[in-house]
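*Asks:* File work_24.txt follows (compact mmCIF, C-alpha atoms and all ligand atoms):
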```
# COMPACT_ATOMS: atom_id res chain seq x y z
CA MET A 14 67.64 16.62 -5.36
CA SER A 15 69.69 13.53 -5.86
CA VAL A 16 72.04 12.59 -3.02
CA ALA A 17 75.35 11.10 -4.10
CA HIS A 18 76.39 7.91 -2.40
CA PRO A 19 79.77 6.17 -2.38
CA THR A 20 79.96 2.97 -4.42
CA SER A 21 83.52 1.80 -3.69
CA SER A 22 84.31 -0.63 -0.84
CA PRO A 23 80.73 -1.06 0.45
CA THR A 24 80.44 -0.94 4.24
CA THR A 25 76.69 -0.59 4.65
CA LEU A 26 73.70 -2.12 2.89
CA ALA A 27 73.08 1.28 1.28
CA ASP A 28 76.62 1.16 -0.15
CA LEU A 29 76.03 -2.34 -1.45
CA VAL A 30 72.73 -1.28 -3.05
CA ALA A 31 74.45 1.70 -4.69
CA GLN A 32 77.19 -0.55 -6.04
CA SER A 33 74.80 -3.22 -7.23
CA THR A 34 71.85 -1.22 -8.59
CA GLY A 35 73.31 2.24 -9.17
CA THR A 36 70.59 3.84 -7.06
CA CYS A 37 70.75 5.44 -3.65
CA VAL A 38 68.34 4.61 -0.83
CA LEU A 39 69.29 7.91 0.85
CA ASN A 40 67.25 9.62 -1.88
CA CYS A 41 64.07 8.07 -0.47
CA TYR A 42 61.89 10.66 1.26
CA GLN A 43 59.43 8.15 2.72
CA CYS A 44 56.44 9.10 0.58
CA GLY A 45 55.08 5.54 0.85
CA ARG A 46 54.24 5.08 -2.84
CA CYS A 47 56.29 1.88 -3.03
CA ALA A 48 54.42 0.31 -0.11
CA ALA A 49 51.04 1.51 -1.38
CA GLY A 50 51.56 -0.09 -4.80
CA CYS A 51 53.12 -3.34 -3.59
CA PRO A 52 50.83 -6.37 -4.17
CA GLN A 53 52.64 -8.32 -1.45
CA ASN A 54 52.35 -5.60 1.21
CA VAL A 55 48.96 -6.76 2.48
CA PRO A 56 47.89 -8.03 5.93
CA GLY A 57 49.37 -11.43 6.71
CA PHE A 58 52.18 -11.12 4.18
CA MET A 59 55.23 -8.84 4.50
CA ASP A 60 56.10 -8.12 8.13
CA ILE A 61 57.86 -4.84 7.20
CA SER A 62 56.68 -2.61 4.34
CA PRO A 63 59.07 -1.74 1.47
CA THR A 64 59.01 1.90 2.67
CA ARG A 65 60.11 0.85 6.16
CA ILE A 66 62.89 -1.28 4.62
CA MET A 67 64.20 1.87 2.90
CA HIS A 68 64.09 3.66 6.24
CA LEU A 69 66.04 0.86 7.97
CA LEU A 70 68.75 1.08 5.32
CA GLN A 71 68.90 4.84 5.76
CA LEU A 72 69.18 4.43 9.53
CA GLU A 73 71.96 1.84 9.17
CA ASP A 74 73.85 4.26 6.95
CA THR A 75 73.19 7.26 9.21
CA PHE A 76 74.45 5.42 12.31
CA SER A 77 77.39 3.72 10.60
CA ASN A 78 79.67 5.36 13.21
CA ASP A 79 77.74 3.45 15.90
CA PRO A 80 78.30 -0.18 14.77
CA PRO A 81 76.00 -1.99 17.25
CA ARG A 82 73.11 0.32 16.42
CA ALA A 83 73.78 0.15 12.67
CA ALA A 84 74.02 -3.65 12.85
CA GLU A 85 70.62 -3.84 14.53
CA TYR A 86 68.98 -1.83 11.73
CA ALA A 87 70.66 -4.07 9.15
CA ARG A 88 69.56 -7.19 11.04
CA GLN A 89 65.94 -6.01 11.04
CA ALA A 90 66.04 -5.47 7.27
CA LEU A 91 67.84 -8.74 6.51
CA THR A 92 65.72 -11.02 8.72
CA SER A 93 62.32 -9.65 7.76
CA SER A 94 60.06 -11.63 5.44
CA THR A 95 59.86 -8.68 3.03
CA CYS A 96 62.67 -9.45 0.61
CA TRP A 97 61.62 -13.13 0.40
CA LEU A 98 57.94 -12.37 -0.23
CA CYS A 99 58.79 -9.69 -2.81
CA ALA A 100 57.56 -10.95 -6.19
CA GLY A 101 59.99 -8.78 -8.17
CA CYS A 102 57.08 -7.19 -10.05
CA GLN A 103 58.86 -3.78 -10.21
CA ALA A 104 55.66 -1.86 -9.37
CA CYS A 105 57.53 -0.06 -6.58
CA THR A 106 60.52 0.80 -8.76
CA THR A 107 58.35 2.30 -11.49
CA ARG A 108 56.30 4.31 -8.96
CA CYS A 109 59.20 5.79 -7.00
CA PRO A 110 59.48 9.56 -7.62
CA GLN A 111 63.10 9.45 -6.43
CA GLY A 112 64.26 6.77 -8.85
CA VAL A 113 65.11 4.25 -6.14
CA ASP A 114 65.25 0.68 -7.49
CA ILE A 115 63.33 -0.90 -4.61
CA ALA A 116 63.04 -4.26 -6.40
CA GLY A 117 66.83 -4.19 -6.82
CA VAL A 118 67.18 -3.48 -3.10
CA MET A 119 65.18 -6.64 -2.39
CA ASP A 120 67.57 -8.63 -4.61
CA VAL A 121 70.55 -7.29 -2.67
CA LEU A 122 68.91 -8.09 0.68
CA ARG A 123 68.15 -11.66 -0.43
CA GLN A 124 71.76 -12.24 -1.47
CA GLN A 125 73.14 -10.66 1.69
CA ALA A 126 70.83 -12.72 3.90
CA LEU A 127 72.02 -15.88 2.16
CA ALA A 128 75.68 -14.83 2.28
CA LEU A 129 75.40 -14.16 6.03
CA GLY A 130 73.42 -17.35 6.67
CA LEU A 131 70.49 -15.45 8.16
CA ALA A 132 67.30 -17.46 8.54
CA ALA A 133 64.08 -16.17 7.04
CA ALA A 134 61.37 -14.83 9.33
CA ASP A 135 58.68 -17.48 8.95
CA ARG A 136 57.95 -20.79 7.25
CA ARG A 137 56.64 -19.20 4.06
CA SER A 138 59.75 -17.02 3.69
CA GLU A 139 61.94 -19.96 4.68
CA ASP A 140 60.50 -22.07 1.85
CA ILE A 141 61.07 -19.24 -0.64
CA GLN A 142 64.62 -18.86 0.68
CA LYS A 143 65.25 -22.58 0.11
CA PHE A 144 63.79 -22.42 -3.40
CA HIS A 145 65.89 -19.32 -4.16
CA ALA A 146 69.09 -21.00 -2.94
CA THR A 147 68.30 -24.20 -4.86
CA PHE A 148 67.56 -22.24 -8.04
CA LEU A 149 70.76 -20.18 -7.79
CA ALA A 150 72.87 -23.25 -7.06
CA ALA A 151 71.56 -24.91 -10.22
CA ALA A 152 72.02 -21.72 -12.27
CA LEU A 153 75.58 -21.31 -11.00
CA LYS A 154 76.47 -24.90 -11.77
CA HIS A 155 74.76 -25.40 -15.14
CA GLY A 156 73.79 -21.94 -16.43
CA ARG A 157 70.35 -23.36 -17.18
CA ILE A 158 67.57 -24.81 -15.10
CA HIS A 159 66.37 -28.39 -15.39
CA GLU A 160 62.89 -28.06 -13.91
CA LEU A 161 62.48 -31.63 -12.69
CA ASP A 162 65.89 -31.60 -11.01
CA LEU A 163 65.03 -28.20 -9.44
CA VAL A 164 61.74 -29.51 -8.06
CA LEU A 165 63.39 -32.62 -6.58
CA ARG A 166 66.20 -30.64 -4.97
CA TYR A 167 63.74 -28.11 -3.55
CA LYS A 168 61.65 -30.96 -2.12
CA LEU A 169 64.79 -32.42 -0.57
CA ALA A 170 65.68 -29.04 0.99
CA SER A 171 62.18 -28.18 2.21
CA GLY A 172 60.96 -31.65 3.17
CA HIS A 173 57.56 -30.90 1.61
CA TRP A 174 57.53 -34.07 -0.49
CA LEU A 175 53.77 -34.44 -0.91
CA GLU A 176 52.82 -30.78 -1.44
CA ASP A 177 51.81 -30.18 -5.09
CA ALA A 178 52.54 -33.87 -5.85
CA THR A 179 49.36 -34.19 -7.95
CA VAL A 180 50.21 -31.12 -10.03
CA GLY A 181 53.78 -32.38 -10.49
CA TRP A 182 52.59 -35.77 -11.70
CA GLN A 183 50.16 -34.15 -14.19
CA MET A 184 52.93 -31.87 -15.51
CA LEU A 185 55.23 -34.87 -15.92
CA ARG A 186 52.57 -36.83 -17.81
CA ARG A 187 51.91 -33.91 -20.16
CA GLY A 188 55.57 -33.40 -20.94
CA LYS A 189 55.81 -30.08 -19.06
CA LEU A 190 58.69 -31.43 -16.96
CA SER A 191 61.47 -32.81 -19.16
CA LEU A 192 63.44 -35.85 -18.00
CA SER A 193 66.53 -34.84 -20.01
CA ARG A 194 68.85 -32.14 -18.71
CA PRO A 195 69.72 -29.21 -21.03
CA ALA A 196 73.39 -28.69 -21.93
CA THR A 197 75.50 -26.72 -19.45
CA VAL A 198 76.43 -23.19 -20.59
CA ASP A 199 78.93 -20.55 -19.46
CA THR A 200 78.04 -19.35 -15.93
CA SER A 201 80.62 -16.57 -15.59
CA LYS A 202 78.05 -13.76 -16.07
CA ILE A 203 75.78 -15.19 -13.37
CA GLN A 204 78.72 -15.47 -10.99
CA ALA A 205 79.79 -11.88 -11.77
CA ALA A 206 76.26 -10.57 -11.11
CA LEU A 207 76.14 -12.38 -7.75
CA ARG A 208 79.56 -11.09 -6.78
CA GLN A 209 78.39 -7.54 -7.52
CA MET A 210 75.62 -8.08 -4.97
CA GLY A 211 78.23 -9.05 -2.38
CA ALA A 212 77.34 -12.71 -2.47
CA GLY A 213 80.88 -14.07 -2.79
CA PRO A 214 82.17 -16.56 -5.39
CA ASP A 215 79.71 -19.30 -4.44
CA GLY A 216 76.73 -16.97 -4.36
CA GLY A 217 76.48 -17.43 -0.60
CA ILE A 218 74.69 -20.69 -1.18
CA GLU A 219 77.38 -23.28 -0.53
CA GLU A 220 75.01 -25.43 1.47
CA ALA A 221 72.63 -25.72 -1.47
CA LYS A 222 75.23 -26.55 -4.09
CA THR A 223 74.84 -29.78 -5.99
S1 LIG B 301 58.42 5.37 -3.46
FE1 LIG B 301 60.62 5.90 -3.41
S2 LIG B 301 60.73 7.85 -2.26
FE2 LIG B 301 58.72 6.94 -1.87
S3 LIG B 301 58.99 5.73 0.03
FE3 LIG B 301 59.33 4.33 -1.67
S4 LIG B 301 61.57 4.37 -2.04
FE4 LIG B 301 61.02 6.16 -0.80
S1 LIG B 302 58.99 -5.60 -6.66
FE1 LIG B 302 58.61 -6.54 -4.64
S2 LIG B 302 58.58 -4.82 -3.17
FE2 LIG B 302 58.30 -3.96 -5.24
S3 LIG B 302 56.07 -3.80 -5.54
FE3 LIG B 302 56.72 -5.78 -6.43
S4 LIG B 302 56.47 -7.27 -4.75
FE4 LIG B 302 56.44 -5.20 -3.80
```
What would you get if you wrote out this structure as structure tokens?
*Replies:*
Amino acid sequence: MSVAHPTSSPTTLADLVAQSTGTCVLNCYQCGRCAAGCPQNVPGFMDISPTRIMHLLQLEDTFSNDPPRAAEYARQALTSSTCWLCAGCQACTTRCPQGVDIAGVMDVLRQQALALGLAAADRRSEDIQKFHATFLAAALKHGRIHELDLVLRYKLASGHWLEDATVGWQMLRRGKLSLSRPATVDTSKIQAALRQMGAGPDGGIEEAKT
């Protein structure tokens, strides 16, 4: 049976998910299908499984009248590597018998972590977080992505100047990375989508803005 969940004035991550994705994490009955089908939930990758993330959000919501305890559950969900290592493949969302949009939950967690300035759990997640912030900053500013500019800004943010340098040079030579920037387009829809995820007007990525 579907459990209704409030969507106005979000106070918990579950509220924010309901507002942003239209699904309710309280409907999750911990069957584990999302974790079992997740290609990133393998040893050495995600530190918390997608199923456990759903449980943390349920616990935060359940103990919302005990703020320190609720905040600790939210912190565990927001600082895990899980949302950053999620590939957005939607396998979990399509497998969920309760109709929970787990991939959408990961989107919300990423935006909240950025908005709150929470560091990612490890270097791999940290690099993905930097790429994510760089990508969103460019999308918010121009509405389109200029790949070469994105690569250079990501390198600047991550400091990994020589990683993939050979591949980058080959792509440049073969015309896969354009030197000219595409025209800027209207970004209002991108900004509205980010606001819906609780990211604030700057997408929670002020530090990465160009
Ligand atoms: S598949 Fe759905 S119901 Fe099952 S654990 Fe994952 S979110 Fe919960
Ligand atoms: S969308 Fe993310 S959490 Fe879901 S199965 Fe794919 S990688 Fe795993």
*Asks:* Between A:Cys102, A:Leu161, A:Ile61, A:Ala206, which is the closest to A:Leu192 once you count all atoms listed in the file?
*Replies:*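 Answer, going by the shortest atom-to-atom distance: A:Leu161.
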*Asks:* Per residue of chain A within 9 Å of ligand LIG 301 (chain B), which atom pair is closest and at what distance in Å (one decimal), using all atoms listed in the file, listed by chain and increasing number, as a tab-separated table?
*Replies:*
```
residue	atom	partner	partner_atom	distance
A:Val38	CA	B:LIG301	S4	6.9
A:Leu39	CA	B:LIG301	FE4	8.6
A:Asn40	CA	B:LIG301	S2	6.8
A:Cys41	CA	B:LIG301	FE4	3.6
A:Tyr42	CA	B:LIG301	S2	4.7
A:Gln43	CA	B:LIG301	S3	3.6
A:Cys44	CA	B:LIG301	FE2	4.0
A:Gly45	CA	B:LIG301	S3	4.0
A:Arg46	CA	B:LIG301	S1	4.2
A:Cys47	CA	B:LIG301	S1	4.1
A:Ala48	CA	B:LIG301	FE3	6.5
A:Ala49	CA	B:LIG301	S1	8.6
A:Gly50	CA	B:LIG301	S1	8.9
A:Pro63	CA	B:LIG301	FE3	6.8
A:Thr64	CA	B:LIG301	S3	4.7
A:Arg65	CA	B:LIG301	S3	7.9
A:Ile66	CA	B:LIG301	S4	8.8
A:Met67	CA	B:LIG301	S4	6.1
A:His68	CA	B:LIG301	FE4	8.1
A:Cys105	CA	B:LIG301	S1	6.3
A:Thr106	CA	B:LIG301	S1	7.3
A:Thr107	CA	B:LIG301	S1	8.6
A:Arg108	CA	B:LIG301	S1	6.0
A:Cys109	CA	B:LIG301	S1	3.6
A:Pro110	CA	B:LIG301	FE1	5.7
A:Gln111	CA	B:LIG301	S2	5.1
A:Gly112	CA	B:LIG301	FE1	6.6
A:Val113	CA	B:LIG301	S4	5.4
A:Asp114	CA	B:LIG301	S4	7.5
A:Ile115	CA	B:LIG301	S4	6.1
```
*Asks:* Ranking A:Leu26, A:Asp199, A:Ile158, A:Val180 by minimum distance to A:Ala126 and counting all atoms listed in the file, which one comes first?
*Replies:* A:Leu26
*Asks:* To one decimal place in Å, what is the distance between atom CA of A:Ala27 and atom CA of A:Thr95?
*Replies:*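 Atom CA of A:Ala27 sits 16.6 Å away from atom CA of A:Thr95.
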*Asks:* Nearest to ligand LIG 302 (chain B): which of A:Leu70, A:Ala100, A:Met59, A:Leu29 is it, counting all atoms listed in the file?
*Replies:*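 Answer, going by the shortest atom-to-atom distance: A:Ala100.
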*Asks:* May I ask for the distance between atom CA of A:Ala151 and atom CA of A:Glu139, given in Å to one decimal place?
*Replies:*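 Distance between the two atoms: 18.4 Å.
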*Asks:* Neighbouring residues of A:Gly181 were defined as those with any atom within 12 Å, considering only C-alpha atoms; residues of the same chain fewer than 4 positions away were excluded. Please report them as a ChimeraX atom specification.
*Replies:* /A:160-161,164-165,168,174-177,185-191
*Asks:* Any idea what the distance is between atom CA of A:His159 and atom CA of A:Ser33?
*Replies:*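 Atom-to-atom, atom CA of A:His159 and atom CA of A:Ser33 are spaced 27.8 Å apart.
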*Asks:* Go through A:Ala152, A:Cys96, A:Leu169, A:Ala146 and flag the residue nearest ligand LIG 302 (chain B), using all atoms listed in the file for the distances.
*Replies:*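 Residue with the minimum atom-to-atom distance to ligand LIG 302 (chain B): A:Cys96.
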*Asks:* Check the smallest atom-to-atom distance from each of A:Leu91, A:Ala31, A:Trp182, A:Arg157 to A:Ala128 using all atoms listed in the file, then report the winner.
*Replies:* A:Leu91
*Asks:* Which centre and which edge lengths, in Å to one decimal, describe the axis-aligned box that holds all listed atoms of ligand LIG 302 (chain B) after 5 Å is added on each side, as lines of an AutoDock Vina configuration file?
*Replies:*
```
center_x = 57.5
center_y = -5.5
center_z = -4.9
size_x = 12.9
size_y = 13.5
size_z = 13.5
```
*Asks:* Can you find the residues with an atom no farther than 8 Å from (64.8, -12.2, 1.8), counting all atoms listed in the file, and report them as JSON, numbers by chain?
*Replies:* {"A": [91, 92, 93, 94, 95, 96, 97, 98, 99, 119, 120, 122, 123, 124, 126, 133, 138, 142]}
*Asks:* Selection from above, C-alpha atoms, as a CSV table (one decimal), keeping the file's coordinate frame, can you write it?
*Replies:*
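This went into result.csv:
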```csv
chain,number,residue,atom,x,y,z
A,91,LEU,CA,67.8,-8.7,6.5
A,92,THR,CA,65.7,-11.0,8.7
A,93,SER,CA,62.3,-9.6,7.8
A,94,SER,CA,60.1,-11.6,5.4
A,95,THR,CA,59.9,-8.7,3.0
A,96,CYS,CA,62.7,-9.4,0.6
A,97,TRP,CA,61.6,-13.1,0.4
A,98,LEU,CA,57.9,-12.4,-0.2
A,99,CYS,CA,58.8,-9.7,-2.8
A,119,MET,CA,65.2,-6.6,-2.4
A,120,ASP,CA,67.6,-8.6,-4.6
A,122,LEU,CA,68.9,-8.1,0.7
A,123,ARG,CA,68.2,-11.7,-0.4
A,124,GLN,CA,71.8,-12.2,-1.5
A,126,ALA,CA,70.8,-12.7,3.9
A,133,ALA,CA,64.1,-16.2,7.0
A,138,SER,CA,59.8,-17.0,3.7
A,142,GLN,CA,64.6,-18.9,0.7
```
*Asks:* Mind checking which residues fall within 7 Å of A:Leu69, counting all atoms listed in the file, ignoring those fewer than 5 positions away in the same chain, and posting them as a list in words?
*Replies:*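 So, after excluding close chain neighbours, the residues are Tyr86, Ala87 and Ala90 of chain A.
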*Asks:* Quick one: of A:Gln71, A:Ser77, A:Gln103, A:Thr179, who's nearest to ligand LIG 302 (chain B), counting all atoms listed in the file?
*Replies:*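 Between A:Gln71, A:Ser77, A:Gln103, A:Thr179, the residue approaching ligand LIG 302 (chain B) most closely is A:Gln103.
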*Asks:* Residues near A:Gly156, anyone? I mean within 9 Å using only C-alpha atoms, not counting same-chain ones fewer than 6 positions away, as a list in words.
*Replies:*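 Non-adjacent residues within range: Ala196, Thr197, Val198, Asp199, Thr200, Ser201 and Ile203 of chain A.
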*Asks:* As a compact mmCIF listing (two decimals), in the frame of the given file, please: stretch 95-125 of chain A completed to N, CA and C atoms.
*Replies:*
```txt
# COMPACT_ATOMS: atom_id res chain seq x y z
N THR A 95 60.15 -9.54 4.18
CA THR A 95 59.86 -8.68 3.03
C THR A 95 60.60 -9.05 1.76
N CYS A 96 61.92 -9.20 1.85
CA CYS A 96 62.67 -9.45 0.61
C CYS A 96 62.32 -10.82 0.03
N TRP A 97 61.94 -11.79 0.91
CA TRP A 97 61.62 -13.13 0.40
C TRP A 97 60.23 -13.17 -0.21
N LEU A 98 59.31 -12.36 0.31
CA LEU A 98 57.94 -12.37 -0.23
C LEU A 98 57.80 -11.43 -1.42
N CYS A 99 58.80 -10.58 -1.65
CA CYS A 99 58.79 -9.69 -2.81
C CYS A 99 58.71 -10.53 -4.08
N ALA A 100 57.77 -10.19 -4.95
CA ALA A 100 57.56 -10.95 -6.19
C ALA A 100 58.40 -10.41 -7.34
N GLY A 101 59.16 -9.34 -7.10
CA GLY A 101 59.99 -8.78 -8.17
C GLY A 101 59.18 -8.16 -9.30
N CYS A 102 57.97 -7.70 -8.98
CA CYS A 102 57.08 -7.19 -10.05
C CYS A 102 57.50 -5.82 -10.56
N GLN A 103 58.34 -5.10 -9.82
CA GLN A 103 58.86 -3.78 -10.21
C GLN A 103 57.86 -2.65 -10.06
N ALA A 104 56.66 -2.93 -9.51
CA ALA A 104 55.66 -1.86 -9.37
C ALA A 104 56.23 -0.72 -8.52
N CYS A 105 56.95 -1.07 -7.46
CA CYS A 105 57.53 -0.06 -6.58
C CYS A 105 58.58 0.78 -7.31
N THR A 106 59.44 0.11 -8.05
CA THR A 106 60.52 0.80 -8.76
C THR A 106 59.96 1.79 -9.77
N THR A 107 58.92 1.40 -10.48
CA THR A 107 58.35 2.30 -11.49
C THR A 107 57.58 3.44 -10.86
N ARG A 108 57.08 3.26 -9.61
CA ARG A 108 56.30 4.31 -8.96
C ARG A 108 57.17 5.30 -8.18
N CYS A 109 58.40 4.95 -7.90
CA CYS A 109 59.20 5.79 -7.00
C CYS A 109 59.57 7.13 -7.65
N PRO A 110 59.16 8.25 -7.04
CA PRO A 110 59.48 9.56 -7.62
C PRO A 110 60.96 9.92 -7.48
N GLN A 111 61.69 9.16 -6.66
CA GLN A 111 63.10 9.45 -6.43
C GLN A 111 64.03 8.50 -7.20
N GLY A 112 63.44 7.65 -8.02
CA GLY A 112 64.26 6.77 -8.85
C GLY A 112 64.99 5.69 -8.09
N VAL A 113 64.46 5.33 -6.91
CA VAL A 113 65.11 4.25 -6.14
C VAL A 113 64.65 2.90 -6.71
N ASP A 114 65.58 2.01 -6.97
CA ASP A 114 65.25 0.68 -7.49
C ASP A 114 64.95 -0.23 -6.31
N ILE A 115 63.71 -0.13 -5.81
CA ILE A 115 63.33 -0.90 -4.61
C ILE A 115 63.40 -2.41 -4.89
N ALA A 116 62.97 -2.82 -6.07
CA ALA A 116 63.04 -4.26 -6.40
C ALA A 116 64.51 -4.72 -6.39
N GLY A 117 65.40 -3.86 -6.86
CA GLY A 117 66.83 -4.19 -6.82
C GLY A 117 67.34 -4.28 -5.40
N VAL A 118 66.81 -3.42 -4.53
CA VAL A 118 67.18 -3.48 -3.10
C VAL A 118 66.81 -4.84 -2.53
N MET A 119 65.62 -5.33 -2.90
CA MET A 119 65.18 -6.64 -2.39
C MET A 119 66.12 -7.75 -2.87
N ASP A 120 66.59 -7.65 -4.10
CA ASP A 120 67.57 -8.63 -4.61
C ASP A 120 68.83 -8.63 -3.75
N VAL A 121 69.32 -7.43 -3.47
CA VAL A 121 70.55 -7.29 -2.67
C VAL A 121 70.33 -7.87 -1.27
N LEU A 122 69.18 -7.58 -0.67
CA LEU A 122 68.91 -8.09 0.68
C LEU A 122 68.84 -9.61 0.69
N ARG A 123 68.22 -10.18 -0.35
CA ARG A 123 68.15 -11.66 -0.43
C ARG A 123 69.56 -12.24 -0.48
N GLN A 124 70.40 -11.70 -1.33
CA GLN A 124 71.76 -12.24 -1.47
C GLN A 124 72.57 -12.05 -0.20
N GLN A 125 72.40 -10.89 0.45
CA GLN A 125 73.14 -10.66 1.69
C GLN A 125 72.67 -11.61 2.79
```
